[in-house]
>>> print(open('model_7.cif').read())   # mmCIF, C-alpha atoms (C1' of nucleotides)
data_data
#
loop_
_atom_site.label_atom_id
_atom_site.label_comp_id
_atom_site.auth_asym_id
_atom_site.auth_seq_id
_atom_site.Cartn_x
_atom_site.Cartn_y
_atom_site.Cartn_z
CA MET A 1 191.73 -62.64 -162.41
CA CYS A 2 191.81 -58.93 -162.97
CA TYR A 3 193.23 -58.02 -166.35
CA ASP A 4 191.86 -54.53 -166.13
CA ALA A 5 195.08 -52.67 -165.56
CA ILE A 6 197.09 -54.48 -168.20
CA LEU A 7 194.34 -54.06 -170.78
CA ARG A 8 194.23 -50.35 -170.12
CA ASN A 9 197.98 -50.31 -170.46
CA VAL A 10 197.82 -52.05 -173.83
CA ALA A 11 194.97 -49.81 -174.97
CA LYS A 12 197.24 -46.80 -174.63
CA HIS A 13 198.90 -47.82 -177.88
CA ILE A 14 196.79 -50.39 -179.72
CA GLN A 15 193.13 -51.39 -179.96
CA LEU A 16 192.22 -55.01 -179.41
CA ASN A 17 188.90 -56.55 -180.40
CA PRO A 18 187.19 -58.92 -177.94
CA LYS A 19 188.69 -62.02 -179.51
CA GLU A 20 192.19 -60.61 -179.45
CA THR A 21 191.69 -59.46 -175.91
CA GLU A 22 190.78 -62.95 -174.84
CA GLN A 23 193.65 -64.45 -176.77
CA PHE A 24 196.07 -62.07 -175.09
CA CYS A 25 194.74 -62.67 -171.60
CA ALA A 26 195.00 -66.40 -172.12
CA CYS A 27 198.76 -65.99 -172.35
CA LEU A 28 199.06 -64.28 -168.99
CA THR A 29 199.71 -65.90 -165.67
CA THR A 30 199.06 -64.11 -162.43
CA ARG A 31 201.44 -64.39 -159.54
CA ASN A 32 201.59 -62.97 -156.06
CA LEU A 33 204.94 -62.08 -154.61
CA ASN A 34 205.77 -61.61 -150.99
CA LYS A 35 208.06 -58.90 -149.82
CA ARG A 36 211.68 -59.81 -150.69
CA GLU A 37 210.56 -62.67 -152.93
CA VAL A 38 212.90 -63.24 -155.87
CA LEU A 39 211.37 -63.29 -159.34
CA VAL A 40 214.49 -63.51 -161.50
CA LYS A 41 217.81 -64.85 -160.35
CA GLN A 42 221.15 -63.62 -161.61
CA GLY A 43 222.62 -66.43 -163.72
CA GLY A 44 219.25 -68.00 -164.48
CA ILE A 45 217.30 -67.55 -167.69
CA CYS A 46 214.63 -64.88 -167.54
CA ASP A 47 211.94 -66.42 -169.71
CA ALA A 48 209.09 -63.98 -169.16
CA ILE A 49 208.26 -60.32 -169.20
CA HIS A 50 206.25 -59.06 -166.26
CA PHE A 51 203.57 -56.43 -165.84
CA VAL A 52 203.19 -55.00 -162.36
CA ASN A 53 199.56 -55.05 -161.36
CA GLU A 54 200.27 -53.97 -157.82
CA GLY A 55 203.37 -53.38 -155.74
CA VAL A 56 207.00 -52.51 -156.41
CA LEU A 57 209.85 -54.55 -157.88
CA ARG A 58 213.54 -53.84 -158.21
CA ALA A 59 216.23 -55.21 -160.53
CA TYR A 60 219.79 -55.13 -159.28
CA LEU A 61 223.22 -56.39 -160.06
CA LEU A 62 225.17 -58.21 -157.38
CA GLY A 63 228.90 -57.68 -157.82
CA ALA A 64 231.58 -60.21 -156.89
CA ASP A 65 232.44 -57.97 -153.95
CA GLY A 66 228.86 -58.04 -152.73
CA LYS A 67 228.15 -54.54 -154.01
CA GLU A 68 224.59 -54.01 -155.19
CA THR A 69 223.72 -51.82 -158.18
CA THR A 70 220.07 -51.04 -158.73
CA ILE A 71 219.43 -51.14 -162.46
CA MET A 72 215.73 -50.46 -162.55
CA PHE A 73 212.54 -50.66 -160.59
CA ALA A 74 208.91 -50.98 -161.53
CA ILE A 75 205.69 -49.89 -159.91
CA LYS A 76 202.05 -50.40 -160.76
CA ASP A 77 201.45 -50.21 -164.50
CA TRP A 78 205.10 -50.73 -165.48
CA TRP A 79 206.71 -53.67 -167.26
CA ILE A 80 209.87 -55.28 -166.01
CA THR A 81 212.26 -58.03 -167.09
CA ASP A 82 215.92 -58.56 -167.82
CA MET A 83 215.51 -57.72 -171.49
CA TYR A 84 218.93 -59.02 -172.38
CA SER A 85 218.22 -62.44 -170.95
CA PHE A 86 214.62 -62.49 -172.13
CA ILE A 87 215.42 -61.71 -175.76
CA ASN A 88 218.64 -63.65 -176.14
CA ASN A 89 217.89 -66.58 -173.89
CA LYS A 90 221.14 -65.96 -172.07
CA PRO A 91 221.78 -66.09 -168.33
CA SER A 92 220.36 -63.07 -166.57
CA MET A 93 222.77 -60.46 -165.30
CA VAL A 94 220.40 -59.12 -162.70
CA ASN A 95 218.23 -60.18 -159.80
CA VAL A 96 214.65 -59.03 -159.73
CA GLU A 97 212.90 -59.01 -156.40
CA SER A 98 209.70 -57.74 -154.93
CA LEU A 99 210.11 -54.89 -152.49
CA GLU A 100 206.68 -55.41 -151.01
CA GLN A 101 203.61 -57.56 -151.44
CA SER A 102 203.08 -57.45 -155.21
CA THR A 103 200.93 -58.92 -157.94
CA ILE A 104 202.32 -59.41 -161.41
CA LEU A 105 201.07 -60.70 -164.73
CA SER A 106 203.68 -62.63 -166.66
CA LEU A 107 204.01 -63.26 -170.37
CA LYS A 108 206.31 -66.14 -171.27
CA LYS A 109 208.88 -65.74 -174.02
CA ALA A 110 207.22 -68.40 -176.18
CA ASP A 111 203.87 -66.62 -175.89
CA PHE A 112 205.53 -63.29 -176.52
CA ASP A 113 206.99 -64.60 -179.77
CA GLN A 114 203.72 -66.27 -180.74
CA LEU A 115 201.73 -63.14 -179.99
CA PHE A 116 203.47 -61.31 -182.81
CA VAL A 117 202.44 -64.03 -185.23
CA GLU A 118 198.83 -64.14 -184.15
CA ILE A 119 198.23 -60.48 -183.36
CA PRO A 120 200.77 -58.44 -185.33
CA LYS A 121 199.46 -55.28 -183.69
CA PHE A 122 201.56 -56.26 -180.71
CA GLU A 123 204.66 -55.49 -182.72
CA ARG A 124 203.52 -51.90 -182.51
CA PHE A 125 202.78 -52.10 -178.84
CA PHE A 126 206.17 -53.46 -177.93
CA ARG A 127 207.89 -51.21 -180.44
CA ILE A 128 206.58 -48.25 -178.50
CA LEU A 129 207.41 -49.87 -175.18
CA MET A 130 210.99 -50.56 -176.25
CA GLN A 131 211.27 -47.11 -177.74
CA ASN A 132 210.28 -45.49 -174.47
CA ALA A 133 212.57 -47.75 -172.51
CA TYR A 134 215.44 -46.88 -174.82
CA ILE A 135 214.82 -43.16 -174.50
CA ARG A 136 214.64 -43.48 -170.72
CA GLU A 137 217.93 -45.35 -170.54
CA GLN A 138 219.57 -42.88 -172.88
CA LEU A 139 218.55 -40.01 -170.61
CA ARG A 140 219.90 -41.91 -167.67
CA VAL A 141 223.24 -42.41 -169.39
CA MET A 142 223.40 -38.68 -170.12
CA GLU A 143 222.68 -37.81 -166.52
CA ASN A 144 225.12 -40.36 -165.19
CA LEU A 145 227.94 -39.10 -167.33
CA SER A 146 227.38 -35.40 -167.19
CA LEU A 147 226.06 -34.65 -163.72
CA PRO A 148 227.50 -34.79 -160.20
CA ALA A 149 225.84 -36.95 -157.55
CA ARG A 150 223.82 -34.17 -155.95
CA GLU A 151 222.06 -33.23 -159.18
CA LYS A 152 221.43 -36.84 -160.10
CA TYR A 153 219.69 -37.22 -156.77
CA GLN A 154 217.58 -34.11 -157.24
CA ILE A 155 216.52 -35.24 -160.71
CA PHE A 156 215.71 -38.69 -159.37
CA LEU A 157 213.43 -37.20 -156.71
CA LYS A 158 211.69 -34.99 -159.23
CA LYS A 159 211.29 -37.75 -161.80
CA TYR A 160 210.20 -40.56 -159.51
CA PRO A 161 208.63 -39.02 -156.41
CA THR A 162 206.39 -42.02 -155.81
CA ILE A 163 209.14 -44.55 -156.11
CA ALA A 164 211.45 -42.72 -153.78
CA ASN A 165 208.99 -43.56 -151.00
CA HIS A 166 209.23 -47.27 -151.63
CA LEU A 167 213.01 -47.55 -151.77
CA ASN A 168 215.38 -47.27 -148.87
CA GLN A 169 218.48 -45.18 -148.99
CA LYS A 170 220.84 -47.97 -149.87
CA GLN A 171 218.72 -48.80 -152.87
CA ILE A 172 218.46 -45.21 -154.04
CA ALA A 173 222.19 -44.75 -153.60
CA SER A 174 222.91 -47.86 -155.64
CA TYR A 175 220.58 -46.61 -158.36
CA LEU A 176 222.53 -43.36 -158.52
CA GLY A 177 225.85 -45.15 -158.39
CA ILE A 178 226.99 -43.75 -155.06
CA THR A 179 227.37 -45.11 -151.54
CA PRO A 180 224.59 -44.81 -148.97
CA GLU A 181 226.96 -42.87 -146.72
CA PHE A 182 227.57 -40.30 -149.37
CA LEU A 183 223.88 -39.99 -150.15
CA SER A 184 223.29 -39.34 -146.48
CA MET A 185 225.79 -36.53 -146.65
CA ILE A 186 224.16 -35.03 -149.72
CA LYS A 187 220.78 -35.05 -148.02
CA SER A 188 221.98 -33.28 -144.91
CA ASN A 189 223.84 -30.62 -146.90
CA GLN A 190 220.82 -30.17 -149.13
CA LYS A 191 218.82 -28.58 -146.39
CA LEU A 192 221.34 -25.99 -145.30
CA MET B 1 221.61 -44.16 -205.30
CA CYS B 2 222.84 -47.26 -203.55
CA TYR B 3 220.25 -48.71 -201.20
CA ASP B 4 222.07 -51.99 -200.99
CA ALA B 5 223.39 -51.68 -197.47
CA ILE B 6 220.17 -50.43 -195.92
CA LEU B 7 218.11 -53.11 -197.65
CA ARG B 8 220.43 -55.79 -196.33
CA ASN B 9 220.08 -54.20 -192.92
CA VAL B 10 216.30 -54.33 -193.11
CA ALA B 11 216.39 -57.88 -194.48
CA LYS B 12 218.04 -59.04 -191.26
CA HIS B 13 214.65 -58.82 -189.56
CA ILE B 14 211.86 -58.58 -192.13
CA GLN B 15 211.26 -59.60 -195.74
CA LEU B 16 210.06 -56.97 -198.19
CA ASN B 17 208.53 -57.73 -201.58
CA PRO B 18 209.63 -55.65 -204.57
CA LYS B 19 206.80 -53.19 -204.25
CA GLU B 20 207.42 -52.63 -200.57
CA THR B 21 211.11 -52.28 -201.24
CA GLU B 22 210.45 -49.56 -203.72
CA GLN B 23 208.00 -47.85 -201.41
CA PHE B 24 210.55 -47.87 -198.63
CA CYS B 25 213.40 -46.56 -200.75
CA ALA B 26 211.20 -43.75 -202.00
CA CYS B 27 211.13 -42.41 -198.45
CA LEU B 28 214.89 -42.21 -198.14
CA THR B 29 217.08 -39.24 -198.92
CA THR B 30 220.79 -39.58 -199.41
CA ARG B 31 223.19 -37.06 -198.02
CA ASN B 32 226.93 -36.64 -198.00
CA LEU B 33 228.57 -35.16 -194.95
CA ASN B 34 231.98 -33.64 -194.74
CA LYS B 35 234.24 -34.18 -191.82
CA ARG B 36 232.96 -32.14 -188.83
CA GLU B 37 229.68 -31.38 -190.55
CA VAL B 38 226.77 -31.08 -188.14
CA LEU B 39 223.68 -33.19 -188.82
CA VAL B 40 221.61 -32.48 -185.71
CA LYS B 41 221.95 -29.40 -183.57
CA GLN B 42 221.32 -29.33 -179.84
CA GLY B 43 218.13 -27.34 -179.30
CA GLY B 44 216.78 -27.99 -182.79
CA ILE B 45 214.19 -30.61 -183.66
CA CYS B 46 215.60 -33.86 -184.93
CA ASP B 47 213.02 -34.82 -187.52
CA ALA B 48 214.69 -37.82 -189.14
CA ILE B 49 216.37 -41.09 -188.30
CA HIS B 50 219.61 -41.77 -190.16
CA PHE B 51 221.24 -44.90 -191.49
CA VAL B 52 225.00 -44.74 -191.92
CA ASN B 53 225.93 -45.98 -195.36
CA GLU B 54 229.56 -45.01 -194.99
CA GLY B 55 231.62 -43.14 -192.43
CA VAL B 56 231.36 -42.42 -188.71
CA LEU B 57 229.05 -40.12 -186.76
CA ARG B 58 229.02 -39.09 -183.14
CA ALA B 59 226.28 -37.73 -180.86
CA TYR B 60 227.35 -35.62 -177.95
CA LEU B 61 226.02 -33.36 -175.28
CA LEU B 62 227.50 -29.92 -174.85
CA GLY B 63 227.29 -28.76 -171.24
CA ALA B 64 226.89 -25.15 -170.14
CA ASP B 65 230.51 -25.27 -168.99
CA GLY B 66 231.64 -26.37 -172.45
CA LYS B 67 232.13 -29.97 -171.36
CA GLU B 68 231.40 -32.54 -174.05
CA THR B 69 229.78 -35.89 -173.28
CA THR B 70 229.74 -38.44 -176.07
CA ILE B 71 226.41 -40.20 -175.94
CA MET B 72 226.71 -42.52 -178.89
CA PHE B 73 228.42 -43.03 -182.20
CA ALA B 74 227.49 -44.86 -185.34
CA ILE B 75 229.49 -46.52 -188.05
CA LYS B 76 228.56 -48.17 -191.33
CA ASP B 77 225.35 -50.17 -191.03
CA TRP B 78 224.18 -48.47 -187.82
CA TRP B 79 221.22 -46.20 -187.26
CA ILE B 80 221.50 -42.93 -185.39
CA THR B 81 219.22 -40.13 -184.22
CA ASP B 82 218.26 -38.31 -181.06
CA MET B 83 215.42 -40.69 -180.35
CA TYR B 84 213.96 -38.44 -177.68
CA SER B 85 213.65 -35.52 -180.05
CA PHE B 86 212.65 -37.67 -183.01
CA ILE B 87 209.80 -39.41 -181.24
CA ASN B 88 208.49 -36.56 -179.12
CA ASN B 89 209.14 -33.68 -181.47
CA LYS B 90 210.98 -31.89 -178.72
CA PRO B 91 214.23 -29.93 -178.95
CA SER B 92 217.20 -32.21 -179.30
CA MET B 93 219.49 -32.60 -176.33
CA VAL B 94 222.47 -33.65 -178.39
CA ASN B 95 224.58 -32.61 -181.33
CA VAL B 96 225.26 -35.16 -184.04
CA GLU B 97 228.25 -34.58 -186.24
CA SER B 98 230.19 -36.46 -188.85
CA LEU B 99 233.68 -37.46 -187.76
CA GLU B 100 234.81 -38.06 -191.32
CA GLN B 101 233.49 -37.98 -194.86
CA SER B 102 230.22 -39.90 -194.51
CA THR B 103 227.14 -40.88 -196.47
CA ILE B 104 223.81 -41.31 -194.74
CA LEU B 105 220.29 -42.27 -195.72
CA SER B 106 217.62 -40.35 -193.83
CA LEU B 107 214.06 -41.27 -193.05
CA LYS B 108 211.87 -38.33 -192.05
CA LYS B 109 209.56 -38.58 -189.05
CA ALA B 110 206.45 -38.19 -191.22
CA ASP B 111 207.59 -41.02 -193.48
CA PHE B 112 208.56 -43.10 -190.48
CA ASP B 113 205.05 -42.75 -189.09
CA GLN B 114 203.47 -43.39 -192.46
CA LEU B 115 205.62 -46.44 -193.07
CA PHE B 116 203.92 -48.24 -190.19
CA VAL B 117 200.55 -47.61 -191.75
CA GLU B 118 201.51 -48.76 -195.22
CA ILE B 119 203.92 -51.55 -194.38
CA PRO B 120 203.09 -52.79 -190.87
CA LYS B 121 206.04 -55.17 -191.03
CA PHE B 122 208.18 -52.18 -190.20
CA GLU B 123 206.70 -52.18 -186.72
CA ARG B 124 208.57 -55.41 -186.26
CA PHE B 125 211.75 -54.07 -187.74
CA PHE B 126 211.86 -51.06 -185.51
CA ARG B 127 210.64 -53.04 -182.52
CA ILE B 128 213.76 -55.16 -182.84
CA LEU B 129 215.94 -52.12 -183.45
CA MET B 130 214.60 -50.37 -180.37
CA GLN B 131 214.88 -53.54 -178.36
CA ASN B 132 218.55 -53.91 -179.21
CA ALA B 133 219.18 -50.26 -178.55
CA TYR B 134 217.50 -50.56 -175.18
CA ILE B 135 219.53 -53.61 -174.22
CA ARG B 136 222.73 -51.87 -175.27
CA GLU B 137 221.95 -48.80 -173.19
CA GLN B 138 221.00 -50.94 -170.24
CA LEU B 139 224.36 -52.71 -170.37
CA ARG B 140 226.05 -49.36 -170.58
CA VAL B 141 224.23 -48.14 -167.48
CA MET B 142 225.31 -51.28 -165.63
CA GLU B 143 228.92 -50.78 -166.61
CA ASN B 144 228.86 -47.10 -165.80
CA LEU B 145 227.49 -47.66 -162.35
CA SER B 146 229.34 -50.77 -161.30
CA LEU B 147 232.79 -50.50 -162.84
CA PRO B 148 235.80 -48.24 -162.32
CA ALA B 149 237.16 -46.22 -165.23
CA ARG B 150 239.92 -48.67 -166.15
CA GLU B 151 237.53 -51.56 -166.67
CA LYS B 152 235.07 -49.42 -168.58
CA TYR B 153 237.89 -48.55 -170.94
CA GLN B 154 238.94 -52.17 -171.39
CA ILE B 155 235.38 -53.23 -172.12
CA PHE B 156 234.99 -50.38 -174.57
CA LEU B 157 238.06 -51.49 -176.49
CA LYS B 158 236.89 -55.08 -176.58
CA LYS B 159 233.35 -54.19 -177.59
CA TYR B 160 234.10 -51.54 -180.22
CA PRO B 161 237.61 -52.19 -181.55
CA THR B 162 236.79 -50.66 -184.94
CA ILE B 163 235.30 -47.52 -183.52
CA ALA B 164 238.18 -46.89 -181.17
CA ASN B 165 240.29 -46.22 -184.25
CA HIS B 166 238.00 -43.49 -185.48
CA LEU B 167 237.69 -41.57 -182.23
CA ASN B 168 240.34 -39.48 -180.60
CA GLN B 169 241.11 -39.71 -176.94
CA LYS B 170 239.03 -36.79 -175.87
CA GLN B 171 236.01 -38.39 -177.50
CA ILE B 172 236.64 -41.78 -175.99
CA ALA B 173 237.14 -40.22 -172.57
CA SER B 174 233.90 -38.30 -172.85
CA TYR B 175 232.10 -41.51 -173.83
CA LEU B 176 233.43 -43.19 -170.70
CA GLY B 177 232.62 -40.19 -168.55
CA ILE B 178 236.21 -39.35 -167.60
CA THR B 179 238.68 -36.64 -168.56
CA PRO B 180 241.18 -37.11 -171.39
CA GLU B 181 243.99 -36.58 -168.92
CA PHE B 182 242.80 -39.39 -166.76
CA LEU B 183 242.35 -41.70 -169.72
CA SER B 184 245.91 -40.96 -170.70
CA MET B 185 247.00 -42.03 -167.24
CA ILE B 186 245.00 -45.25 -167.44
CA LYS B 187 246.59 -46.13 -170.77
CA SER B 188 250.14 -45.66 -169.55
CA ASN B 189 249.54 -47.64 -166.38
CA GLN B 190 247.84 -50.35 -168.39
CA LYS B 191 251.05 -51.44 -170.02
CA LEU B 192 253.17 -51.82 -166.89
"C1'" DC C 1 212.03 -54.20 -124.28
"C1'" DG C 2 215.67 -56.14 -126.99
"C1'" DT C 3 217.38 -57.31 -131.45
"C1'" DC C 4 218.11 -56.37 -136.12
"C1'" DT C 5 218.61 -53.36 -139.77
"C1'" DA C 6 218.95 -48.69 -141.68
"C1'" DT C 7 220.94 -44.25 -141.29
"C1'" DT C 8 224.19 -40.85 -139.75
"C1'" DT C 9 228.71 -39.11 -138.53
"C1'" DG C 10 233.65 -38.84 -138.82
"C1'" DA C 11 238.50 -39.74 -140.09
"C1'" DA C 12 241.55 -41.54 -143.37
"C1'" DT C 13 242.04 -42.84 -148.14
"C1'" DG C 14 241.55 -43.18 -153.12
"C1'" DT C 15 239.93 -42.18 -157.48
"C1'" DA C 16 239.34 -38.93 -160.65
"C1'" DC C 17 239.50 -33.76 -161.77
"C1'" DT C 18 241.59 -29.05 -162.67
"C1'" DC C 19 244.98 -26.29 -164.29
"C1'" DA C 20 249.28 -25.53 -166.31
"C1'" DA C 21 253.02 -26.75 -168.98
"C1'" DA C 22 255.64 -29.74 -171.98
"C1'" DA C 23 255.95 -32.98 -175.64
"C1'" DG C 24 254.26 -35.17 -179.89
"C1'" DC C 25 252.09 -35.07 -184.41
"C1'" DG C 26 250.17 -33.61 -188.61
"C1'" DG C 27 249.45 -30.48 -192.06
"C1'" DT C 28 250.81 -26.20 -194.67
"C1'" DG C 29 253.48 -22.82 -196.79
"C1'" DG C 30 257.82 -20.84 -197.73
"C1'" DC D 1 262.62 -30.23 -197.08
"C1'" DC D 2 262.22 -27.81 -193.15
"C1'" DA D 3 259.92 -24.54 -190.01
"C1'" DC D 4 255.99 -23.25 -187.95
"C1'" DC D 5 251.23 -23.49 -186.37
"C1'" DG D 6 247.39 -25.72 -184.28
"C1'" DC D 7 245.65 -29.55 -182.09
"C1'" DT D 8 246.06 -33.79 -179.36
"C1'" DT D 9 248.32 -36.29 -175.86
"C1'" DT D 10 251.24 -36.67 -171.85
"C1'" DT D 11 253.02 -35.39 -167.34
"C1'" DG D 12 252.74 -33.39 -162.83
"C1'" DA D 13 251.18 -30.91 -158.69
"C1'" DG D 14 247.45 -29.65 -156.01
"C1'" DT D 15 242.53 -30.36 -155.12
"C1'" DA D 16 237.82 -32.15 -154.83
"C1'" DC D 17 234.47 -35.50 -154.89
"C1'" DA D 18 233.32 -39.80 -153.36
"C1'" DT D 19 234.69 -44.21 -150.88
"C1'" DT D 20 235.98 -47.23 -147.02
"C1'" DC D 21 235.85 -48.56 -142.49
"C1'" DA D 22 234.37 -48.01 -137.90
"C1'" DA D 23 231.39 -46.48 -134.53
"C1'" DA D 24 227.31 -44.12 -132.85
"C1'" DT D 25 222.39 -43.29 -133.35
"C1'" DA D 26 217.88 -44.01 -134.81
"C1'" DG D 27 213.96 -46.89 -136.42
"C1'" DA D 28 211.32 -51.05 -137.20
"C1'" DC D 29 209.38 -55.12 -135.61
"C1'" DG D 30 208.44 -59.14 -132.97
#
>>> encode(input="model_7.cif", output="structure tokens")
Amino acid sequence: MCYDAILRNVAKHIQLNPKETEQFCACLTTRNLNKREVLVKQGGICDAIHFVNEGVLRAYLLGADGKETTIMFAIKDWWITDMYSFINNKPSMVNVESLEQSTILSLKKADFDQLFVEIPKFERFFRILMQNAYIREQLRVMENLSLPAREKYQIFLKKYPTIANHLNQKQIASYLGITPEFLSMIKSNQKL
Amino acid sequence: MCYDAILRNVAKHIQLNPKETEQFCACLTTRNLNKREVLVKQGGICDAIHFVNEGVLRAYLLGADGKETTIMFAIKDWWITDMYSFINNKPSMVNVESLEQSTILSLKKADFDQLFVEIPKFERFFRILMQNAYIREQLRVMENLSLPAREKYQIFLKKYPTIANHLNQKQIASYLGITPEFLSMIKSNQKL
DNA sequence: CGTCTATTTGAATGTACTCAAAAGCGGTGG
DNA sequence: CCACCGCTTTTGAGTACATTCAAATAGACG
């Protein structure tokens, strides 16, 4: 399989020698996902962390009332999982599904834990990954709390121009925490 | 000074030998903060990460319109910083102030970076710290987007009963993303 | 071309906000 | 010990932002 992308991703933060590289790749399993295929199911245990080799995934919460809330998405070169479930071995709070034909590389929790023992450098790699994820979420909290819907939408477009093309309006709205109808209104007013 | 609390905090995730312990403590500086004293100023660089030995701190955003948004708080045994500013050496987006007489132990960015070189175990420690912080923020995003104000308030009380006692209503409201007036209304309706 | 889903539009409603004023609650000084 | 000041909390009326529900329109796909 093609471990090119993930190895380049890892190399951004740590250097692996050939043996370590092989060891790491041995832990990965490749999987193809069809459009709308579900990777993680709300209520189930999420026992792997996934690297997106190709395609687009989305994590969302399904409320008792059927309301969807998009928590995160991931495109090529991003990692995605329900970190809460993955780390604590607790039922997942979100669904993760593929928005289009995608290829992912998965690292199982057991291998993840073992990796730190065998190649301690990975502590650094994931430290930086978690750090960035934390900072991203913190910014999102700030925006959510301090800005009105229109500005949140503008920032979203500026920050994730690529992703906006892969999501439909309902999904974008649910990421911003508003209804699709209201987002439609924002968009039409925007232009005037 | 008393490094007891911070060493116990570190020991939750990694084991340090006496030499490492000493090395680590040598990086720390103790500081007492009066009530309302400002530790980090919005716009300035936040060049240290702080461990709360005693007291309560709060990080908040000050909007152009004077509106405050409480981003996070920290009590005894918690770490606090503007991670964005700390990691990227960019101007801080938040203010951090002491809500009461507090004592903190600070680790400078340069020492933080050096620590990883000298005691790689700390990669693990901070990996876990960042991981937990990320999961916490993610849950907060979920709650913010999917729940109405009343439920956010109830969850807040259940999750942080201790902290609720140290914050006033304006601060709690700004953490939940609502006005103090509206929080007041929620509380009175709650009882009926 | 017809069906299914996504988006837009509109009216009625609700949740939360603004502004203003009153009430409560400490702390301080006479 | 009480009176006063400043700050926090409560209450209320009017308003705004965002939602719900329903229906119309537009797009996507077999």
>>> resolve_selection(input="model_7.cif", expression="the PyMOL selection byres ((chain A and resi 51-55) around 10)", output="ChimeraX atom specification")
/A:2-6,9,28,30-35,48-50,56-57,74-81,98-107,166
>>> resolve_selection(input="model_7.cif", expression="the PyMOL selection byres ((chain A) within 8 of (chain B))", output="MDAnalysis selection string")
chainID A and resid 61 63 69 71 83:84 123:124 126:128 130:131 133:135 137:138 140:142 144:146 176:177
>>> write_last_selection(input="model_7.cif", atoms="C-alpha atoms", output="short mmCIF file (atom, residue, chain, number, x, y, z; two decimals), in the coordinates of the input")
data_model
loop_
_atom_site.label_atom_id
_atom_site.label_comp_id
_atom_site.auth_asym_id
_atom_site.auth_seq_id
_atom_site.Cartn_x
_atom_site.Cartn_y
_atom_site.Cartn_z
CA LEU A 61 223.22 -56.39 -160.06
CA GLY A 63 228.90 -57.68 -157.82
CA THR A 69 223.72 -51.82 -158.18
CA ILE A 71 219.43 -51.14 -162.46
CA MET A 83 215.51 -57.72 -171.49
CA TYR A 84 218.93 -59.02 -172.38
CA GLU A 123 204.66 -55.49 -182.72
CA ARG A 124 203.52 -51.90 -182.51
CA PHE A 126 206.17 -53.46 -177.93
CA ARG A 127 207.89 -51.21 -180.44
CA ILE A 128 206.58 -48.25 -178.50
CA MET A 130 210.99 -50.56 -176.25
CA GLN A 131 211.27 -47.11 -177.74
CA ALA A 133 212.57 -47.75 -172.51
CA TYR A 134 215.44 -46.88 -174.82
CA ILE A 135 214.82 -43.16 -174.50
CA GLU A 137 217.93 -45.35 -170.54
CA GLN A 138 219.57 -42.88 -172.88
CA ARG A 140 219.90 -41.91 -167.67
CA VAL A 141 223.24 -42.41 -169.39
CA MET A 142 223.40 -38.68 -170.12
CA ASN A 144 225.12 -40.36 -165.19
CA LEU A 145 227.94 -39.10 -167.33
CA SER A 146 227.38 -35.40 -167.19
CA LEU A 176 222.53 -43.36 -158.52
CA GLY A 177 225.85 -45.15 -158.39
#
>>> resolve_selection(input="model_7.cif", expression="the PyMOL selection byres ((chain A) within 10 of (chain C))", output="ChimeraX atom specification")
/A:168-170,180-181,184-185,188
>>> closest_residue(input="model_7.cif", among="A:Gln23, A:Gln42, A:Gln171, A:Gln114", to="Asn95 in chain A", atoms="all atoms listed in the file")
A:Gln42
>>> closest_residue(input="model_7.cif", among="D:DC21, D:DC29, D:DA13, D:DA3", to="chain A", atoms="only C-alpha atoms (C1' of nucleotides)")
D:DC21
>>> interface_residues(input="model_7.cif", of="chain D", to="chain B", cutoff="9 Å", atoms="only C-alpha atoms (C1' of nucleotides)", output="number ranges by chain")
D: 8-11
>>> atom_distance(input="model_7.cif", atom1="CA of Leu157 in chain A", atom2="CA of Phe73 in chain A")
14.0 Å
>>> atom_distance(input="model_7.cif", atom1="CA of Asp65 in chain B", atom2="CA of Pro161 in chain A")
28.7 Å
>>> residues_near_point(input="model_7.cif", point="(217.9, -66.2, -165.7)", cutoff="8 Å", atoms="only C-alpha atoms (C1' of nucleotides)", output="PDB file with C-alpha atoms, keeping the file's coordinate frame")
ATOM      1  CA  VAL A  40     214.490 -63.510-161.500  1.00  0.00           C
ATOM      2  CA  LYS A  41     217.810 -64.850-160.350  1.00  0.00           C
ATOM      3  CA  GLN A  42     221.150 -63.620-161.610  1.00  0.00           C
ATOM      4  CA  GLY A  43     222.620 -66.430-163.720  1.00  0.00           C
ATOM      5  CA  GLY A  44     219.250 -68.000-164.480  1.00  0.00           C
ATOM      6  CA  ILE A  45     217.300 -67.550-167.690  1.00  0.00           C
ATOM      7  CA  CYS A  46     214.630 -64.880-167.540  1.00  0.00           C
ATOM      8  CA  ASP A  47     211.940 -66.420-169.710  1.00  0.00           C
ATOM      9  CA  SER A  85     218.220 -62.440-170.950  1.00  0.00           C
ATOM     10  CA  LYS A  90     221.140 -65.960-172.070  1.00  0.00           C
ATOM     11  CA  PRO A  91     221.780 -66.090-168.330  1.00  0.00           C
ATOM     12  CA  SER A  92     220.360 -63.070-166.570  1.00  0.00           C
ATOM     13  CA  MET A  93     222.770 -60.460-165.300  1.00  0.00           C
TER      14      MET A  93
END
>>> atom_distance(input="model_7.cif", atom1="CA of Ala11 in chain B", atom2="CA of Ala59 in chain B")
26.3 Å
>>> decode(input="model_7.cif", residues="range 2-12 of chain C", atoms="C-alpha atoms (C1' of nucleotides)", output="compact mmCIF listing (two decimals), in the first residue's frame")
# COMPACT_ATOMS: atom_id res chain seq x y z
C1' DG C 2 -39.64 11.52 -12.88
C1' DT C 3 -38.18 10.93 -8.23
C1' DC C 4 -35.49 12.15 -4.42
C1' DT C 5 -32.93 15.27 -1.90
C1' DA C 6 -31.10 19.92 -1.11
C1' DT C 7 -32.03 24.71 -0.97
C1' DT C 8 -34.83 28.79 -0.72
C1' DT C 9 -38.63 31.59 0.88
C1' DG C 10 -42.02 33.12 4.16
C1' DA C 11 -44.92 33.51 8.33
C1' DA C 12 -45.33 32.63 13.06
